[in-house]
Amino acid sequence: MDIEKILSQMTLEEKASLCSGRDFWHTKAIARLGIPSAMMCDGPHGLRKQVGEGDHLGINVSIETTCYPTASALANSFDREVLRTLGTALGKECQAEDVAMLLGPGLNMKRSPLCGRNFEYFSEDPYLAGQLGAAYIQNLQAEGVSACVKHFAANNQETRRMSGSSQMDERTLHEIYLPAFEAAVKQGKTRGMMCAYNGINDVFCSENKMLLTDVLREKWGYEGFVVTDWGAVKDRVKGVQAGLDLEMPGGTGTQDALIVEAVKNGTLSEAELDRVVRNMLQFVADYQDNRKPDTVIDRTANAALSGELAARCAVLLKNEDSILPLKDETVAFIGEFAAVPRFQGAGSSHVNVPHAVSALEAAAGKVRYAQGYDIHRQDNEAQLLSQAVELAKQVHTVVIFAGLPDSYESEGGDRETMEMPANQNALICAVAAVNPNVVVVLHGGSAMELPWLDRVKAVLYMALGGEQVGKAAVELLYGNVNPSGKLSETWPLRYCDNPSYLNFPGEEGKPIYAEGIYIGYRYYDKKQMDVLFPFGFGLSYTELAYSDLKLSQTELDDTETMTVSCKVRNVGTVPGAEAVQLYVRDEVSTVHRPIRELKGFAKVYLQPGEEQEISFTLDKRSFAYYEVKLHDWFVESGRFFVDIGASSRDIRLSGCVSVNGTAELPIHVDRLTTIGELTSFPKGKAFVEQMIAARKAHSQAATADNEKNMGEGSDKIVKSMMTEMPLCSLVTYGVMTFSQLDDLIAMLNE
Ligand code: BGC
C-alpha cells in the first residue's frame with residue numbers, strides 16, 4: 001500500500017471518515033482507494049470475536065474458543081516464556097479468525113485489591129507488568145497480529161470508570177503508572193495503544209497531549225496508532241490535536257463531521273488530521289501484508305496449553321506438614337467451585353467456552369463431593385453445610401474449593417470488600433472443626449482476606465486459571481506438577497492496610513493517589529508492616545538453594561550496564577521451578593524511595609539435584625528514580641544493594657555496587673532557598689562556608705554566649721536553625737540588603 005499516494009488522493013471527508021470505526025469492531029474501508037477494513041477483538045486471554053452486531057451487553061454471542069488464564073494469574077508465573085507461548089497461540093487464533101488486532105494486554109497497576117478489573121491486570125509492580133506484557137506482545141505480533149495495550153493510563157478502578165480522573169503527582173505517574181506501558185512500546189514494540197476512559201489530573205486521556213504525544217510519541221518513540229477505549233471520546237477535535245487517532249466504536253459518523261468542520265474553520269490543521277490517516281493506513285497495510293488466511297487452529301492442543309499454563313501460574317500459599325501433594329488417603333472435594341470452577345472474569349474479556357473442566361471432573365471418581373455452599377447465595381444454607389461437615393468427618397483430607405464469585409469482581413464495578421462470601425468462610429471453619437486436614441483451593445482475580453488461614457493446612461491459589469483450571473488444580477494437588485507461581489501482588493492482612501484505602505475509589509470520581517509511589521510492597525515494606533503474603537511469595541514441593549552471587553563490577557557509571565549472576569539448585573527430591581527475583585535498594589537517598597524495588601526476575605525449571613546459573617543485566621533504570629526537576633529518570637550517586645530473593649521478604653543473597661550518576665540536577669536558587677539547600681552544590685557550599693567563617697571571626701565568644709542564652713547543645717541548635725533559614729532571612733536579620741541578595745542569587749544561579 002502506497003500510503004502517501006493514497007493520502008494525496010483522499011478528500012477531507014474521506015480522511016475524517018477514517019477517524020472512527022465502521023461499527024463496533026471494524027475500521028472503515030474505502031473501496032475507491034483500495035483501503036480494506038480491519039477487525040479488532042477483545043482479548044486478551046482468549047479471543048472474543050462477536051459474530052453479527054457487536055455489543056457490550058452480551059446480546060450477541062462470540063465464537064466458541066479457548067479461554068486461557070487471565071492476566072493476574074499469568075503474572076503469578078513470573079515467567080516470560082508463559083506469556084510468549086500464550087502470545088503465539090492467540091496470534092494464530094487471530095489469524096485463523098481474520099482478526100487484525102487483539103485488544104490487550106491490560107497493563108494497569110493493581111493499586112487497590114478492590115478494583116473490579118484486577119483479574120485483567122498483571123501486578124502492583126510496574127517492572128513485572130511491563131516485562132510480561134512485552135513478552136506477550138512480541139510473540140502475538142510475530143504472528144502478524146497487532147497488540148493493543150490498554151488502558152493508557154492510570155485506569156485503576158471501575159467506579160466512575162468512564163468519567164473520573166486519577167489525581168497524582170508527576171513522579172508517581174512516571175515511576176508507577178507509566179513504566180509498564182513504556183516497556184510495551186520500547187521492548188514489546190506494540191502497534192496499538194488504547195487510551196483509557198478516565199482522565200489524569202482533570203485532563204481526559206482521550207485528549208491528553210502530555211500522555212498521547214509528549215510522552216508516548218516524543219519520549220518513547222511510539223509509531224503505532226491510538227484508539228479510544230470504547231466510548232471514551234469526550235471532545236473529538238481536542239483528541240486529534242492531542243494525539244488520538246481512532247474513535248471506537250464507530251458507526252454514527254457524528255464526530256467525523258466535527259473533524260471536517262474543525263478543519264474547514266481552521267481549528268484543526270489538515271496536517272494533524274493527516275497524522276491520523278497515516279497511522280490508520282499503516283495499520284491496515286500491516287494487516288494486509290501479514291494475513292495468513294490458511295492458519296488452522298488445533299482446539300484440543302490449545303485447551304491442553306491452557307491447562308499447562310494454569311498449572312505454571314498457581315501459587316502454593318501454605319503447606320503445613322507437607323499435606324500436599326495428596327497421597328493415597330481418602331479425599332473429599334467440597335464447594336461448588338469444585339464442580340463449577342470460576343475460571344475467568346466478567347465483562348469485555350469474557351470468552352465463550354464450550355466446556356470448562358472442573359476439578360471434580362478431572363479427579364474422575366477418585367474423590368467424594370459435597371456442594372457445601374451456593375455460589376449465588378451469601379447466607380448459610382444449613383443443609384449444604386451439614387452435608388459437607390458429615391462428609392468431612394468420613395475422609396482423611398478435605399479440599400475445599402472457594403473464592404470470589406463472578407458477582408464479586410467484574411468489569412464495570414469495584415469489589416465492595418476484600419472478604420470472601422460469608423457462607424464460604426463459614427463452611428471452611430465448620431469443616432476445619434471436624435477434620436484437621438483441610439486444603440483450600442482459591443479462585444479469584446485479586447487478594448482476599450483469609451480469616452480461617454490458621455485453621456487449614458494448605459492453600460493453593462489458582463487465581464482465574466482459564467478453562468482447564470480444574471485439571472490444573474488436580475495435577476498440582478496430586479503432585480504431578482509442582483507449584484511454582486509467586487504472588488504478583490501483596491496480600492495484606494486486612495483491606496484497611498492497603499495504601500490506597502483512604503482514597504479508593506475517591507470522591508466525585510476524583511481519587512487522589514495520596515500514597516504516591518508507595519503502591520503494594522513499596523508501601524508495606526516502607527512501613528514495616530506485617531502482611532498475609534508478601535509480593536513474590538510462593539511455596540514449592542521441593543527446596544531451592546541459592547548461592548554464588550556475582551556482580552560484574554563494584555563500581556559503574558549510570559551510562560554503563562552490569563551483570564549480576566547467581567546459582568539456584570534444586571536440593572529436594574522432585575522436579576520444581578523457582579522464580580528468582582532481583583531487587584535494588586538505594587543505601588541513602590536525598591528523595592524518599594521505597595526500601596527495595598524489583599528490577600529483574602527469571603524462572604528456572606530444575607530436576608532434583610540440578611543447578612543453573614542465572615544472570616541479570618542492570619542498567620541506569622535499575623538504579624534511577626523519576627526526578628521531577630529533570631522530568632526524567634535520574635541516578636543519585638552512591639551505594640546500592642542488589643538483593644536476590646525468593647520473595648520481596650525472603651532475600652537469600654545480597655551484594656552492593658557504587659553507581660556514579662552522570663547527570664546533574666539543575667540548580668535553582670531564589671529568595672526562599674534555604675541555607676541547607678545551598679550546601680548541596682559547590683558554589684552554594686562555598687558561600688555558606690564563607691559566611692560561617694565570617695560569623696566565627698566576628699564573635700569569638702559566640703558559643704559561650706549562646707549556651708547562656710539557649711542552653712546546652714546550642715551549637716547544634718544554631719546550626720539547624722541556620723540550615724532551615726531561607727535566603728531572604730539574610731536581609732531581615734540585617735546581613736545584607738535585598739539588592740545584595742539578588743546579586744548573590746544571580747551569581748549562584750549562573
Ligand atoms: C473495555 C475495553 C475493551 C473495549 C472493547 C471497553 O469497555 O474497557 O477493555 O477492550 O470495551 O470491548
# chains A, B, ... in the order shown; residues from 1 in each chain; ligands from 1

call {"tool": "residues_near_ligand", "arguments": {"ligand": "ligand 1", "cutoff": "10 Å", "atoms": "only C-alpha atoms and all ligand atoms", "output": "VMD selection string"}}
result
chain A and resid 24 to 25 40 to 44 48 to 49 54 to 57 102 to 106 117 120 148 to 151 155 158 161 to 162 194 to 197 228 to 232 248 to 249 347 to 350 411 to 412

call {"tool": "select_by_dssp", "arguments": {"residues": "stretch 158-331 of chain A", "states": "alpha helix (DSSP H)", "output": "MDAnalysis selection string"}}
result
chainID A and resid 170:172 179:186 209 236:242 254:264 270:290 299:313

call {"tool": "closest_atom_pairs", "arguments": {"of": "stretch 622-674 of chain A", "to": "stretch 475-499 of chain A", "cutoff": "10 Å", "atoms": "only C-alpha atoms", "output": "tab-separated table"}}
result
residue	atom	partner	partner_atom	distance
A:Ala646	CA	A:Lys486	CA	8.8
A:Ser647	CA	A:Lys486	CA	7.8
A:Ser648	CA	A:Thr490	CA	9.5

call {"tool": "residues_around", "arguments": {"residues": "A:Met280", "least_positions_apart": "4", "cutoff": "12 Å", "atoms": "only C-alpha atoms", "output": "ChimeraX atom specification"}}
result
/A:3,6-7,15-21,26-29,35-38,191-192,223-227,244-247,273-276,284-287

call {"tool": "write_last_selection", "arguments": {"atoms": "N, CA and C atoms", "output": "CSV table (one decimal), in the first residue's frame"}}
result
chain,number,residue,atom,x,y,z
A,3,ILE,N,1.0,4.6,1.1
A,3,ILE,CA,0.3,5.4,2.0
A,3,ILE,C,0.3,6.9,1.5
A,6,ILE,N,-2.1,7.3,-1.5
A,6,ILE,CA,-3.5,7.3,-1.1
A,6,ILE,C,-3.9,8.6,-0.4
A,7,LEU,N,-3.0,9.0,0.5
A,7,LEU,CA,-3.3,10.2,1.3
A,7,LEU,C,-3.6,11.4,0.3
A,15,LYS,N,-10.8,11.5,4.7
A,15,LYS,CA,-9.8,11.4,5.8
A,15,LYS,C,-10.5,11.4,7.1
A,16,ALA,N,-11.5,12.2,7.3
A,16,ALA,CA,-12.2,12.3,8.6
A,16,ALA,C,-12.9,11.0,8.9
A,17,SER,N,-13.4,10.3,7.8
A,17,SER,CA,-14.1,9.1,8.0
A,17,SER,C,-13.2,8.0,8.6
A,18,LEU,N,-11.9,8.1,8.3
A,18,LEU,CA,-11.0,7.0,8.9
A,18,LEU,C,-10.7,7.3,10.4
A,19,CYS,N,-11.3,8.4,10.9
A,19,CYS,CA,-11.0,8.7,12.3
A,19,CYS,C,-12.0,7.9,13.3
A,20,SER,N,-12.9,7.2,12.7
A,20,SER,CA,-13.8,6.4,13.6
A,20,SER,C,-14.1,5.1,12.8
A,21,GLY,N,-14.5,4.1,13.6
A,21,GLY,CA,-14.8,2.8,13.0
A,21,GLY,C,-16.1,2.7,12.2
A,26,HIS,N,-14.9,-2.9,13.6
A,26,HIS,CA,-14.1,-2.8,12.4
A,26,HIS,C,-13.8,-1.3,12.1
A,27,THR,N,-12.6,-1.2,11.4
A,27,THR,CA,-12.3,0.1,10.8
A,27,THR,C,-13.0,0.3,9.5
A,28,LYS,N,-13.1,1.5,9.0
A,28,LYS,CA,-13.8,1.7,7.7
A,28,LYS,C,-13.0,1.3,6.5
A,29,ALA,N,-13.6,0.8,5.5
A,29,ALA,CA,-13.0,0.6,4.2
A,29,ALA,C,-13.3,1.8,3.3
A,35,ILE,N,-8.8,0.7,0.2
A,35,ILE,CA,-8.5,0.6,1.6
A,35,ILE,C,-9.4,-0.4,2.3
A,36,PRO,N,-8.9,-1.5,2.8
A,36,PRO,CA,-9.7,-2.5,3.4
A,36,PRO,C,-10.2,-2.2,4.8
A,37,SER,N,-11.1,-2.9,5.3
A,37,SER,CA,-11.5,-2.7,6.7
A,37,SER,C,-10.7,-3.8,7.5
A,38,ALA,N,-10.4,-3.5,8.8
A,38,ALA,CA,-9.7,-4.5,9.6
A,38,ALA,C,-10.5,-4.6,10.9
A,191,ARG,N,1.9,-2.2,18.4
A,191,ARG,CA,1.5,-1.4,17.3
A,191,ARG,C,0.1,-0.7,17.6
A,192,GLY,N,-0.4,-1.1,18.8
A,192,GLY,CA,-1.7,-0.4,19.1
A,192,GLY,C,-1.7,0.0,20.6
A,223,GLU,N,5.3,4.4,17.4
A,223,GLU,CA,4.9,4.7,16.0
A,223,GLU,C,3.6,4.1,15.6
A,224,GLY,N,2.9,3.5,16.5
A,224,GLY,CA,1.6,2.9,16.1
A,224,GLY,C,0.5,3.9,16.2
A,225,PHE,N,-0.8,3.4,16.3
A,225,PHE,CA,-1.9,4.3,16.5
A,225,PHE,C,-2.5,4.2,17.8
A,226,VAL,N,-3.3,5.2,18.2
A,226,VAL,CA,-4.0,5.2,19.5
A,226,VAL,C,-5.5,5.2,19.2
A,227,VAL,N,-6.1,4.2,19.8
A,227,VAL,CA,-7.6,4.0,19.7
A,227,VAL,C,-8.2,4.4,21.0
A,244,LEU,N,-4.7,11.5,19.6
A,244,LEU,CA,-5.6,10.4,19.4
A,244,LEU,C,-5.9,10.1,18.0
A,245,ASP,N,-6.0,8.8,17.6
A,245,ASP,CA,-6.2,8.5,16.2
A,245,ASP,C,-7.7,8.0,16.0
A,246,LEU,N,-7.9,6.8,16.4
A,246,LEU,CA,-9.2,6.2,16.0
A,246,LEU,C,-10.2,6.2,17.2
A,247,GLU,N,-11.5,6.6,16.8
A,247,GLU,CA,-12.5,6.5,17.8
A,247,GLU,C,-13.3,5.2,17.6
A,273,LEU,N,-4.8,16.1,11.0
A,273,LEU,CA,-5.7,15.0,10.5
A,273,LEU,C,-4.9,14.0,9.7
A,274,ASP,N,-4.0,14.5,8.9
A,274,ASP,CA,-3.1,13.6,8.1
A,274,ASP,C,-2.4,12.6,9.0
A,275,ARG,N,-2.0,13.0,10.1
A,275,ARG,CA,-1.2,12.1,11.0
A,275,ARG,C,-2.1,10.9,11.4
A,276,VAL,N,-3.4,11.2,11.7
A,276,VAL,CA,-4.3,10.1,12.0
A,276,VAL,C,-4.5,9.2,10.8
A,284,VAL,N,-3.9,-0.8,8.6
A,284,VAL,CA,-4.5,-1.7,7.6
A,284,VAL,C,-3.5,-2.3,6.6
A,285,ALA,N,-2.4,-1.5,6.3
A,285,ALA,CA,-1.4,-2.0,5.4
A,285,ALA,C,-0.7,-3.2,6.1
A,286,ASP,N,-0.4,-3.0,7.4
A,286,ASP,CA,0.3,-4.1,8.2
A,286,ASP,C,-0.6,-5.4,8.2
A,287,TYR,N,-1.9,-5.1,8.4
A,287,TYR,CA,-2.9,-6.2,8.4
A,287,TYR,C,-2.9,-7.0,7.1

call {"tool": "residues_around", "arguments": {"residues": "A:Gly144", "least_positions_apart": "5", "cutoff": "12 Å", "atoms": "only C-alpha atoms", "output": "PyMOL selection string"}}
result
chain A and resi 87-88+90-96+98-102+137-139+190-191+283-293+295

call {"tool": "residues_around", "arguments": {"residues": "A:Ser540", "least_positions_apart": "6", "cutoff": "10 Å", "atoms": "only C-alpha atoms", "output": "JSON, numbers by chain"}}
result
{"A": [315, 316, 317, 318, 319, 322, 324, 482, 483, 484, 485, 486, 572, 574, 575, 576, 577, 578]}

call {"tool": "atom_distance", "arguments": {"atom1": "atom CA of A:Ser146", "atom2": "atom CA of A:Gln282"}}
result
11.5 Å

call {"tool": "residues_around", "arguments": {"residues": "A:Phe333", "least_positions_apart": "5", "cutoff": "10 Å", "atoms": "only C-alpha atoms", "output": "list in words"}}
result
Ala338, Ala339, Ala359, Leu360, Ala363, Lys366, Val367, Arg368, Tyr369, Ala370, Gln371, Gly372, Ala388, Leu391, Ala392, Thr397, Val398, Val399, Ile400, Phe401, Val439, Val440 and Val441 of chain A

call {"tool": "write_last_selection", "arguments": {"atoms": "N, CA, C and O atoms", "output": "CSV table (one decimal), in the first residue's frame"}}
result
chain,number,residue,atom,x,y,z
A,338,ALA,N,-15.7,-26.7,43.0
A,338,ALA,CA,-15.1,-27.9,42.6
A,338,ALA,C,-15.8,-28.5,41.4
A,338,ALA,O,-15.2,-29.2,40.5
A,339,ALA,N,-17.1,-28.2,41.3
A,339,ALA,CA,-17.9,-28.8,40.2
A,339,ALA,C,-18.1,-27.7,39.1
A,339,ALA,O,-18.2,-28.1,37.9
A,359,ALA,N,-12.5,-29.5,38.7
A,359,ALA,CA,-11.6,-30.4,39.4
A,359,ALA,C,-12.3,-31.7,39.6
A,359,ALA,O,-11.6,-32.8,39.6
A,360,LEU,N,-13.6,-31.6,39.9
A,360,LEU,CA,-14.3,-32.9,40.1
A,360,LEU,C,-14.2,-33.8,38.9
A,360,LEU,O,-14.0,-35.0,39.0
A,363,ALA,N,-10.7,-35.2,38.6
A,363,ALA,CA,-10.3,-36.2,39.6
A,363,ALA,C,-11.0,-37.5,39.2
A,363,ALA,O,-10.6,-38.5,39.9
A,366,LYS,N,-12.0,-40.3,41.8
A,366,LYS,CA,-11.1,-40.5,42.9
A,366,LYS,C,-11.6,-39.9,44.2
A,366,LYS,O,-11.1,-40.3,45.2
A,367,VAL,N,-12.5,-39.0,44.1
A,367,VAL,CA,-12.8,-38.2,45.3
A,367,VAL,C,-14.3,-38.2,45.6
A,367,VAL,O,-15.1,-38.4,44.6
A,368,ARG,N,-14.8,-37.9,46.8
A,368,ARG,CA,-16.2,-37.8,47.1
A,368,ARG,C,-16.5,-36.3,47.0
A,368,ARG,O,-15.6,-35.4,47.1
A,369,TYR,N,-17.7,-35.9,46.9
A,369,TYR,CA,-18.1,-34.5,46.7
A,369,TYR,C,-19.3,-34.0,47.5
A,369,TYR,O,-20.2,-34.8,47.6
A,370,ALA,N,-19.2,-32.8,48.0
A,370,ALA,CA,-20.4,-32.1,48.6
A,370,ALA,C,-20.3,-30.7,48.1
A,370,ALA,O,-19.2,-30.1,48.1
A,371,GLN,N,-21.5,-30.1,47.8
A,371,GLN,CA,-21.5,-28.8,47.3
A,371,GLN,C,-21.1,-27.7,48.3
A,371,GLN,O,-20.4,-26.7,48.0
A,372,GLY,N,-21.5,-27.9,49.5
A,372,GLY,CA,-21.0,-27.0,50.6
A,372,GLY,C,-21.6,-25.6,50.7
A,372,GLY,O,-22.0,-25.1,51.8
A,388,ALA,N,-21.8,-31.2,54.0
A,388,ALA,CA,-20.3,-31.1,53.9
A,388,ALA,C,-19.6,-31.5,55.1
A,388,ALA,O,-18.6,-32.2,55.1
A,391,LEU,N,-19.6,-35.3,55.4
A,391,LEU,CA,-18.6,-35.9,54.5
A,391,LEU,C,-17.2,-35.7,55.0
A,391,LEU,O,-16.4,-36.6,55.0
A,392,ALA,N,-16.9,-34.5,55.6
A,392,ALA,CA,-15.6,-34.2,56.0
A,392,ALA,C,-15.2,-35.1,57.2
A,392,ALA,O,-14.0,-35.4,57.3
A,397,THR,N,-8.7,-36.4,54.1
A,397,THR,CA,-8.4,-35.0,53.7
A,397,THR,C,-9.5,-34.4,53.0
A,397,THR,O,-10.2,-35.0,52.1
A,398,VAL,N,-9.7,-33.1,53.3
A,398,VAL,CA,-10.8,-32.3,52.5
A,398,VAL,C,-10.1,-31.2,51.7
A,398,VAL,O,-9.3,-30.5,52.3
A,399,VAL,N,-10.5,-31.1,50.5
A,399,VAL,CA,-10.1,-30.0,49.7
A,399,VAL,C,-11.3,-29.1,49.4
A,399,VAL,O,-12.3,-29.6,48.8
A,400,ILE,N,-11.3,-27.9,49.9
A,400,ILE,CA,-12.4,-27.0,49.8
A,400,ILE,C,-12.1,-26.0,48.6
A,400,ILE,O,-11.0,-25.4,48.6
A,401,PHE,N,-13.0,-26.0,47.7
A,401,PHE,CA,-12.8,-25.0,46.5
A,401,PHE,C,-13.6,-23.8,46.8
A,401,PHE,O,-14.8,-23.9,47.0
A,439,VAL,N,-7.4,-28.5,53.0
A,439,VAL,CA,-6.7,-27.8,52.0
A,439,VAL,C,-7.7,-26.9,51.3
A,439,VAL,O,-8.8,-27.3,51.0
A,440,VAL,N,-7.3,-25.6,51.0
A,440,VAL,CA,-8.3,-24.7,50.3
A,440,VAL,C,-7.7,-24.4,49.0
A,440,VAL,O,-6.5,-24.0,48.9
A,441,VAL,N,-8.5,-24.5,47.9
A,441,VAL,CA,-8.1,-24.1,46.6
A,441,VAL,C,-8.9,-22.8,46.3
A,441,VAL,O,-10.1,-22.8,46.5

call {"tool": "decode", "arguments": {"residues": "stretch 646-661 of chain A", "atoms": "C-alpha atoms", "output": "PDB file, in the first residue's frame"}}
result
ATOM      1  CA  ALA A 646      12.686 -15.945  46.709  1.00  0.00           C
ATOM      2  CA  SER A 647      10.197 -13.190  47.562  1.00  0.00           C
ATOM      3  CA  SER A 648      10.329  -9.490  48.428  1.00  0.00           C
ATOM      4  CA  ARG A 649      10.703 -10.535  52.070  1.00  0.00           C
ATOM      5  CA  ASP A 650      12.922 -13.561  51.658  1.00  0.00           C
ATOM      6  CA  ILE A 651      16.265 -12.221  50.480  1.00  0.00           C
ATOM      7  CA  ARG A 652      18.795 -15.006  50.024  1.00  0.00           C
ATOM      8  CA  LEU A 653      21.841 -13.206  48.607  1.00  0.00           C
ATOM      9  CA  SER A 654      22.967  -9.616  48.750  1.00  0.00           C
ATOM     10  CA  GLY A 655      25.758  -7.595  47.159  1.00  0.00           C
ATOM     11  CA  CYS A 656      26.475  -3.964  46.603  1.00  0.00           C
ATOM     12  CA  VAL A 657      27.683  -1.625  43.916  1.00  0.00           C
ATOM     13  CA  SER A 658      28.621   2.042  43.804  1.00  0.00           C
ATOM     14  CA  VAL A 659      26.868   3.802  40.998  1.00  0.00           C
ATOM     15  CA  ASN A 660      28.009   7.118  39.682  1.00  0.00           C
ATOM     16  CA  GLY A 661      25.186   9.237  38.338  1.00  0.00           C
TER      17      GLY A 661
END
